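Below is the file input_34.csv, which contains CSV, C-alpha atoms.
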```
chain,number,residue,atom,x,y,z
B,1,MET,CA,0.4,13.1,55.6
B,2,LYS,CA,2.3,16.1,54.2
B,3,ASN,CA,4.0,13.7,51.6
B,4,GLN,CA,0.6,12.3,50.6
B,5,GLU,CA,-0.8,15.8,50.1
B,6,SER,CA,2.1,16.8,47.9
B,7,ARG,CA,1.9,13.5,45.9
B,8,SER,CA,-1.8,13.9,45.3
B,9,SER,CA,-1.4,17.5,44.1
B,10,SER,CA,1.6,16.7,41.9
B,11,CYS,CA,1.0,17.4,38.2
B,12,ALA,CA,1.6,14.6,35.7
B,13,ALA,CA,4.9,16.0,34.7
B,14,CYS,CA,6.3,16.1,38.2
B,15,LYS,CA,5.0,12.6,38.9
B,16,ALA,CA,6.8,11.3,35.8
B,17,LEU,CA,10.0,13.2,36.7
B,18,LYS,CA,9.7,12.1,40.3
B,19,ARG,CA,10.1,15.5,41.8
B,20,ARG,CA,8.2,17.8,44.1
B,21,CYS,CA,5.5,19.8,42.3
B,22,THR,CA,5.9,23.4,43.4
B,23,PRO,CA,3.1,25.9,43.5
B,24,ASN,CA,4.6,27.7,40.5
B,25,CYS,CA,5.4,24.5,38.5
B,26,GLN,CA,5.6,25.4,34.8
B,27,PHE,CA,3.8,22.2,33.7
B,28,ALA,CA,1.0,22.0,36.3
B,29,PRO,CA,-1.5,24.2,34.4
B,30,TYR,CA,-1.2,21.9,31.3
B,31,PHE,CA,-0.8,18.4,32.8
B,32,ARG,CA,-3.4,17.5,35.4
B,33,SER,CA,-2.2,14.7,37.8
B,34,ASP,CA,-4.3,12.1,35.9
B,35,GLU,CA,-2.8,13.1,32.5
B,36,THR,CA,0.3,10.9,32.8
B,37,LYS,CA,0.1,9.5,29.3
B,38,LYS,CA,-0.2,13.0,27.8
B,39,PHE,CA,3.0,14.1,29.4
B,40,ALA,CA,4.7,10.8,28.7
B,41,LYS,CA,4.3,11.4,25.0
B,42,VAL,CA,5.8,14.8,25.1
B,43,HIS,CA,8.6,13.6,27.4
B,44,LYS,CA,9.5,10.7,25.0
B,45,VAL,CA,9.6,12.8,21.9
B,46,PHE,CA,10.9,16.2,23.0
B,47,GLY,CA,12.3,15.6,26.5
B,48,ALA,CA,11.2,17.6,29.6
B,49,SER,CA,14.1,20.1,29.3
B,50,ASN,CA,13.5,20.9,25.6
B,51,PHE,CA,9.8,21.1,26.2
B,52,SER,CA,10.3,23.5,29.0
B,53,LYS,CA,12.6,25.7,26.9
B,54,ILE,CA,10.0,25.8,24.0
B,55,LEU,CA,7.3,26.8,26.4
B,56,ASN,CA,9.5,29.6,27.9
B,57,GLU,CA,9.9,31.1,24.4
B,58,VAL,CA,6.2,31.4,24.0
B,59,ALA,CA,4.0,34.2,25.5
B,60,GLU,CA,2.0,32.9,28.5
B,61,GLU,CA,-1.4,33.4,26.8
B,62,GLN,CA,-0.3,31.2,24.0
B,63,ARG,CA,1.2,28.4,26.1
B,64,GLU,CA,-1.9,26.3,26.2
B,65,ASP,CA,-2.0,26.2,22.4
B,66,ALA,CA,1.7,25.5,22.2
B,67,VAL,CA,1.3,22.6,24.7
B,68,ASN,CA,-1.7,21.2,22.7
B,69,SER,CA,0.2,21.4,19.4
B,70,LEU,CA,3.3,19.8,20.9
B,71,VAL,CA,1.2,16.9,22.4
B,72,TYR,CA,-0.4,16.4,19.0
B,73,GLU,CA,3.0,16.4,17.3
B,74,ALA,CA,4.4,13.9,19.8
B,75,GLU,CA,1.4,11.6,19.3
B,76,VAL,CA,1.8,11.7,15.5
B,77,ARG,CA,5.5,11.1,15.8
B,78,LEU,CA,5.0,8.1,18.1
B,79,ARG,CA,2.4,6.7,15.7
B,80,ASP,CA,4.7,7.3,12.7
B,81,PRO,CA,8.3,7.3,13.8
B,82,ILE,CA,9.6,7.9,10.3
B,83,TYR,CA,7.6,10.8,9.0
B,84,GLY,CA,5.6,12.1,11.9
B,85,CYS,CA,3.6,15.2,11.1
B,86,ILE,CA,5.4,15.7,7.8
B,87,GLY,CA,3.7,12.6,6.6
B,88,ALA,CA,0.3,14.0,7.5
B,89,ILE,CA,1.2,17.3,5.7
B,90,ALA,CA,2.4,15.5,2.6
B,91,SER,CA,-0.9,13.5,2.4
B,92,LEU,CA,-3.0,16.6,2.8
B,93,GLU,CA,-1.0,18.4,0.2
B,94,LYS,CA,-1.5,15.5,-2.2
B,95,LYS,CA,-5.3,15.6,-1.5
B,96,MET,CA,-5.3,19.4,-2.1
B,97,VAL,CA,-3.7,18.9,-5.5
B,98,GLU,CA,-6.3,16.3,-6.4
B,99,LEU,CA,-9.2,18.5,-5.3
B,100,GLU,CA,-7.9,21.5,-7.1
B,101,HIS,CA,-7.7,19.4,-10.2
B,102,ASP,CA,-11.3,18.3,-9.6
B,103,LEU,CA,-12.3,22.0,-9.1
B,104,MET,CA,-10.7,22.9,-12.4
B,105,LEU,CA,-12.7,20.2,-14.1
B,106,ALA,CA,-15.9,21.2,-12.4
B,107,ARG,CA,-15.4,24.8,-13.5
B,108,ALA,CA,-14.7,23.8,-17.1
B,109,ARG,CA,-17.9,21.6,-17.1
B,110,LEU,CA,-20.0,24.4,-15.7
B,111,ALA,CA,-18.7,26.9,-18.3
B,112,PHE,CA,-19.4,24.3,-21.0
B,113,CYS,CA,-22.9,23.7,-19.7
B,114,VAL,CA,-23.7,27.4,-19.3
B,115,ASN,CA,-22.5,28.2,-22.9
B,116,GLN,CA,-24.3,25.3,-24.4
B,117,PRO,CA,-27.5,24.8,-22.6
B,118,SER,CA,-28.7,22.2,-25.2
B,119,SER,CA,-25.9,20.0,-24.0
B,120,PHE,CA,-27.9,19.4,-20.8
B,121,LEU,CA,-30.3,17.1,-22.4
B,122,ASN,CA,-29.7,14.2,-24.8
B,123,GLU,CA,-32.1,13.2,-27.6
B,124,HIS,CA,-34.4,11.6,-25.1
B,125,GLY,CA,-34.8,14.7,-23.0
B,126,ASN,CA,-32.7,13.2,-20.1
B,127,MET,CA,-29.7,14.7,-18.4
B,128,ALA,CA,-26.6,14.5,-20.5
B,129,PRO,CA,-23.3,13.2,-18.9
B,130,CYS,CA,-22.0,16.7,-18.3
B,131,VAL,CA,-24.5,17.2,-15.5
B,132,GLN,CA,-23.8,13.9,-13.8
B,133,ASP,CA,-21.8,13.8,-10.6
B,134,ILE,CA,-18.3,14.9,-11.1
B,135,PRO,CA,-16.1,11.9,-10.1
B,136,VAL,CA,-13.8,12.5,-7.2
B,137,SER,CA,-10.3,12.2,-8.5
B,138,SER,CA,-9.1,8.6,-8.1
B,139,GLY,CA,-5.6,9.8,-7.1
B,140,MET,CA,-4.2,10.1,-10.5
B,141,VAL,CA,-2.9,13.6,-10.9
B,142,GLU,CA,-2.5,14.3,-14.6
B,143,ALA,CA,-0.4,17.1,-16.0
B,144,PHE,CA,-1.3,19.7,-13.3
B,145,ASN,CA,0.9,22.3,-11.7
B,146,GLN,CA,1.8,21.6,-8.1
B,147,ASN,CA,2.4,25.1,-7.0
B,148,SER,CA,2.2,24.8,-3.3
B,149,PHE,CA,4.6,26.3,-0.9
B,150,TYR,CA,4.3,23.5,1.7
B,151,PHE,CA,4.5,20.8,-1.0
B,152,ASP,CA,7.7,22.1,-2.5
B,153,GLN,CA,9.6,21.6,0.8
B,154,PHE,CA,8.7,18.0,1.1
B,155,SER,CA,8.4,17.0,-2.6
B,156,HIS,CA,11.5,14.8,-2.4
B,157,LEU,CA,10.0,12.5,0.2
B,158,PRO,CA,9.3,9.1,-1.4
B,159,PHE,CA,5.7,8.8,-0.4
B,160,LEU,CA,4.7,11.8,-2.6
A,1,MET,CA,44.6,16.7,9.4
A,2,ALA,CA,41.1,17.9,8.5
A,3,SER,CA,38.3,17.2,11.0
A,4,THR,CA,36.0,14.4,9.9
A,5,ARG,CA,33.5,14.9,12.7
A,6,CYS,CA,29.8,15.1,11.7
A,7,ALA,CA,27.8,18.2,12.5
A,8,ALA,CA,26.3,16.6,15.6
A,9,CYS,CA,29.6,15.7,17.2
A,10,LYS,CA,31.1,19.1,16.3
A,11,TYR,CA,28.1,20.7,18.0
A,12,LEU,CA,28.3,18.5,21.0
A,13,ARG,CA,32.1,18.9,21.0
A,14,ARG,CA,33.0,15.3,21.2
A,15,ARG,CA,34.9,12.8,19.2
A,16,CYS,CA,33.0,11.3,16.2
A,17,PRO,CA,33.2,7.5,16.4
A,18,SER,CA,33.2,5.4,13.2
A,19,ASP,CA,29.7,4.1,14.1
A,20,CYS,CA,28.2,7.5,15.0
A,21,ILE,CA,24.5,7.3,14.5
A,22,PHE,CA,24.3,10.9,13.4
A,23,SER,CA,27.1,11.1,10.9
A,24,LEU,CA,25.2,9.9,7.8
A,25,TYR,CA,22.3,12.2,8.4
A,26,PHE,CA,23.9,15.3,9.8
A,27,PRO,CA,26.9,16.0,7.6
A,28,SER,CA,29.5,18.6,8.8
A,29,ASN,CA,28.7,20.9,5.9
A,30,ASN,CA,25.2,21.6,7.3
A,31,PRO,CA,25.5,22.6,10.9
A,32,GLN,CA,22.1,24.3,11.1
A,33,ARG,CA,20.3,21.0,10.4
A,34,PHE,CA,21.6,19.4,13.6
A,35,ALA,CA,21.3,22.6,15.5
A,36,TYR,CA,17.6,22.8,14.8
A,37,VAL,CA,16.9,19.2,15.6
A,38,HIS,CA,18.9,19.3,18.8
A,39,LYS,CA,17.1,22.5,19.9
A,40,ILE,CA,13.6,20.9,19.5
A,41,PHE,CA,14.1,17.2,20.1
A,42,GLY,CA,17.5,16.9,21.8
A,43,ALA,CA,20.4,14.9,20.6
A,44,SER,CA,19.7,12.0,22.9
A,45,ASN,CA,16.1,11.6,21.8
A,46,VAL,CA,17.1,11.9,18.1
A,47,GLY,CA,19.7,9.3,18.6
A,48,LYS,CA,17.2,6.9,20.3
A,49,MET,CA,14.6,7.5,17.5
A,50,LEU,CA,17.1,6.8,14.8
A,51,GLN,CA,18.4,3.8,16.6
A,52,ASP,CA,14.9,2.3,16.9
A,53,LEU,CA,14.4,2.4,13.1
A,54,PRO,CA,15.7,0.1,10.4
A,55,VAL,CA,18.8,1.5,8.7
A,56,HIS,CA,17.0,2.1,5.4
A,57,ARG,CA,14.4,4.3,7.0
A,58,ARG,CA,16.7,6.5,9.1
A,59,ALA,CA,17.4,9.1,6.3
A,60,ASP,CA,13.7,9.9,5.9
A,61,ALA,CA,13.3,10.1,9.6
A,62,ALA,CA,16.2,12.5,10.0
A,63,ASP,CA,14.8,14.6,7.2
A,64,SER,CA,11.3,14.7,8.7
A,65,LEU,CA,12.7,15.5,12.1
A,66,TYR,CA,14.6,18.4,10.6
A,67,TYR,CA,11.5,19.8,8.8
A,68,GLU,CA,9.4,19.5,12.0
A,69,ALA,CA,12.1,21.3,14.0
A,70,HIS,CA,12.4,24.0,11.4
A,71,CYS,CA,8.6,24.5,11.5
A,72,ARG,CA,8.6,24.7,15.3
A,73,ILE,CA,11.4,27.2,15.3
A,74,LYS,CA,9.6,29.4,12.8
A,75,ASP,CA,6.3,29.1,14.7
A,76,PRO,CA,7.0,28.2,18.3
A,77,VAL,CA,3.2,28.1,19.2
A,78,TYR,CA,1.9,25.8,16.5
A,79,GLY,CA,4.9,24.4,14.6
A,80,CYS,CA,3.9,22.1,11.7
A,81,VAL,CA,0.4,21.6,13.3
A,82,GLY,CA,-0.4,25.1,12.2
A,83,ILE,CA,0.3,24.0,8.6
A,84,ILE,CA,-1.9,20.9,9.1
A,85,ASN,CA,-4.8,23.1,10.3
A,86,ILE,CA,-4.4,25.5,7.3
A,87,LEU,CA,-4.4,22.6,4.9
A,88,HIS,CA,-7.6,21.1,6.5
A,89,GLN,CA,-9.3,24.5,6.0
A,90,GLU,CA,-8.1,24.9,2.4
A,91,ILE,CA,-9.3,21.3,1.6
A,92,HIS,CA,-12.7,22.1,3.2
A,93,ASN,CA,-13.0,25.3,1.2
A,94,VAL,CA,-12.2,23.6,-2.1
A,95,GLN,CA,-14.7,20.8,-1.4
A,96,CYS,CA,-17.4,23.4,-0.7
A,97,GLN,CA,-16.5,25.1,-4.0
A,98,ILE,CA,-16.8,21.9,-5.9
A,99,ALA,CA,-20.1,21.0,-4.2
A,100,LYS,CA,-21.4,24.5,-5.1
A,101,ILE,CA,-20.5,24.1,-8.7
A,102,GLN,CA,-22.1,20.7,-8.8
A,103,ALA,CA,-25.3,22.2,-7.4
A,104,GLU,CA,-25.2,25.0,-10.0
A,105,ILE,CA,-24.9,22.4,-12.8
A,106,ALA,CA,-27.7,20.4,-11.3
A,107,PHE,CA,-29.9,23.5,-11.0
A,108,LEU,CA,-29.2,24.5,-14.6
A,109,GLY,CA,-30.0,21.0,-15.7
A,110,THR,CA,-33.3,21.1,-13.8
A,111,HIS,CA,-34.1,24.4,-15.5
A,112,ALA,CA,-33.3,23.0,-18.9
A,113,GLN,CA,-35.5,20.0,-18.3
A,114,SER,CA,-38.5,22.0,-17.1
A,115,ASP,CA,-38.1,24.5,-20.0
A,116,GLN,CA,-38.2,21.5,-22.4
A,117,GLN,CA,-41.3,20.2,-20.6
A,118,LEU,CA,-43.0,23.6,-21.3
A,119,GLN,CA,-42.1,23.3,-24.9
A,120,ILE,CA,-43.3,19.8,-25.4
A,121,ALA,CA,-46.4,20.0,-23.1
A,122,PRO,CA,-47.8,23.5,-23.1
A,123,ASN,CA,-51.0,22.3,-21.5
A,124,LEU,CA,-49.3,21.2,-18.3
A,125,ASP,CA,-50.7,22.8,-15.2
A,126,PRO,CA,-48.8,26.1,-14.9
A,127,ASN,CA,-49.0,25.9,-11.1
A,128,PHE,CA,-47.2,22.6,-11.1
A,129,LEU,CA,-44.4,24.1,-13.2
A,130,ALA,CA,-44.2,27.2,-11.0
A,131,GLU,CA,-43.8,24.9,-8.0
A,132,GLN,CA,-40.9,23.1,-9.7
A,133,LYS,CA,-39.2,26.5,-10.5
A,134,GLY,CA,-39.9,27.7,-6.9
A,135,LEU,CA,-37.9,24.7,-5.5
A,136,SER,CA,-35.1,25.5,-8.0
A,137,ASN,CA,-35.0,29.1,-7.0
A,138,SER,CA,-34.2,28.2,-3.4
A,139,PHE,CA,-30.6,27.5,-4.7
A,140,ASP,CA,-30.2,31.2,-5.6
A,141,ASP,CA,-28.6,32.2,-2.3
A,142,SER,CA,-25.5,30.2,-2.9
A,143,SER,CA,-23.6,31.8,0.1
A,144,THR,CA,-25.8,30.1,2.6
A,145,TRP,CA,-26.8,27.0,0.8
A,146,PHE,CA,-24.6,24.6,2.7
A,147,PHE,CA,-25.1,26.1,6.2
```

For the structure just supplied, provide its representation as structure tokens.
Amino acid sequence: MKNQESRSSSCAACKALKRRCTPNCQFAPYFRSDETKKFAKVHKVFGASNFSKILNEVAEEQREDAVNSLVYEAEVRLRDPIYGCIGAIASLEKKMVELEHDLMLARARLAFCVNQPSSFLNEHGNMAPCVQDIPVSSGMVEAFNQNSFYFDQFSHLPFL
Amino acid sequence: MASTRCAACKYLRRRCPSDCIFSLYFPSNNPQRFAYVHKIFGASNVGKMLQDLPVHRRADAADSLYYEAHCRIKDPVYGCVGIINILHQEIHNVQCQIAKIQAEIAFLGTHAQSDQQLQIAPNLDPNFLAEQKGLSNSFDDSSTWFF
């Protein structure tokens, strides 16, 4: 009976590690007993010992955020064992560069249209091309400065 | 005889075998690289991850593990997930700016059209034109347009 009680109240971490879950278990607040997959991801990527050390370095009020970010990082790493979160960062950086390029184009078009209001209408009195939808960049980044802090660190990675 | 151990085996204080999984990716001249990766992921986990990958992908994997470890050491709470969140926000901000500019261009275009209508059809019902302008004027408060 006592064993059943302790088993049923074990957190997912202690279940996975096959140990008794103590009342002051470090993992219990973040891994309910039914969250075995959540802990398994973190265990596989970081290991229980490293995970515990990382948590200990963080103030208690920030530990939940730390656990969530570590779980997310582990998930992404398991989905993409080669690039993990760095792949996601590189994709977002690339998208950012494309959007900044689009923004530059949009501003230029607006400036042109403001300075030359007659350009709005063609000879038939219809909207001229400059007021049509600005095309989203197709991914071709022309001569454009990539001056991003995050991008510079990863710019040598081949998928960029 | 100079030591030819890789940074990992030096750190772990063991002999570096000829088929050491770490030696190609953690050279002895960069001890910090392995130290960071070991601190966050652990040597055993890193070895398994590299082992599970085809040989030609291991270098990139080692690089990305190092960068992730570096981010986590710099920011123990959010690591590189913090960077992902910031980038998502920045992307959203730029998309909003682009949409705003598109709306401004469209608004200016609508104005230009209705001004031209006034010129070519001065007998048009002035209430109708005022209504058109009133709809356009609702774009003036650009700060709340999208929310």

Please determine the contact residues of chain A with respect to chain B at a cut-off of 6 Å, counting all atoms listed in the file, and supply them as a VMD selection string. chain A and resid 41 61 64 77 to 78 84 91 98 105 109

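Between atom CA of A:Thr4 and atom CA of A:Asn30 the separation is 13.2 Å.
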
Could you tell me how far atom CA of A:Phe34 sits from atom CA of A:Ala8, in Å to one decimal place?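 Going from atom CA of A:Ala8 over to atom CA of A:Phe34, I get 5.8 Å.
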
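In terms of minimum interatomic distance to A:Asp75, A:Ile40 ranks closest within A:Cys96, A:Ile40, A:Pro31, A:Gln51, counting all atoms listed in the file.
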
For a test of reading the model, state the distance in Å between atom CA of B:Asp34 and atom CA of B:Cys11, rounded to one decimal.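 Calculated distance between atom CA of B:Asp34 and atom CA of B:Cys11 is 7.8 Å.
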
Find, counting only C-alpha atoms, the residue in B:Ser91, B:Ala108, B:Tyr30, B:Glu75 that gets nearest to A:Leu87. B:Ser91

For B:Cys21: contacts at 8 Å, only C-alpha atoms, fewer than 5 positions along chain excluded, given as JSON, numbers by chain: {"B": [6, 9, 10, 11, 14, 15, 28]}

Can I get the selection written as a short mmCIF file (atom, residue, chain, number, x, y, z; two decimals), in the frame of the given file, with C-alpha atoms?
```
data_model
loop_
_atom_site.label_atom_id
_atom_site.label_comp_id
_atom_site.auth_asym_id
_atom_site.auth_seq_id
_atom_site.Cartn_x
_atom_site.Cartn_y
_atom_site.Cartn_z
CA SER B 6 2.10 16.80 47.90
CA SER B 9 -1.40 17.50 44.10
CA SER B 10 1.60 16.70 41.90
CA CYS B 11 1.00 17.40 38.20
CA CYS B 14 6.30 16.10 38.20
CA LYS B 15 5.00 12.60 38.90
CA ALA B 28 1.00 22.00 36.30
#
```
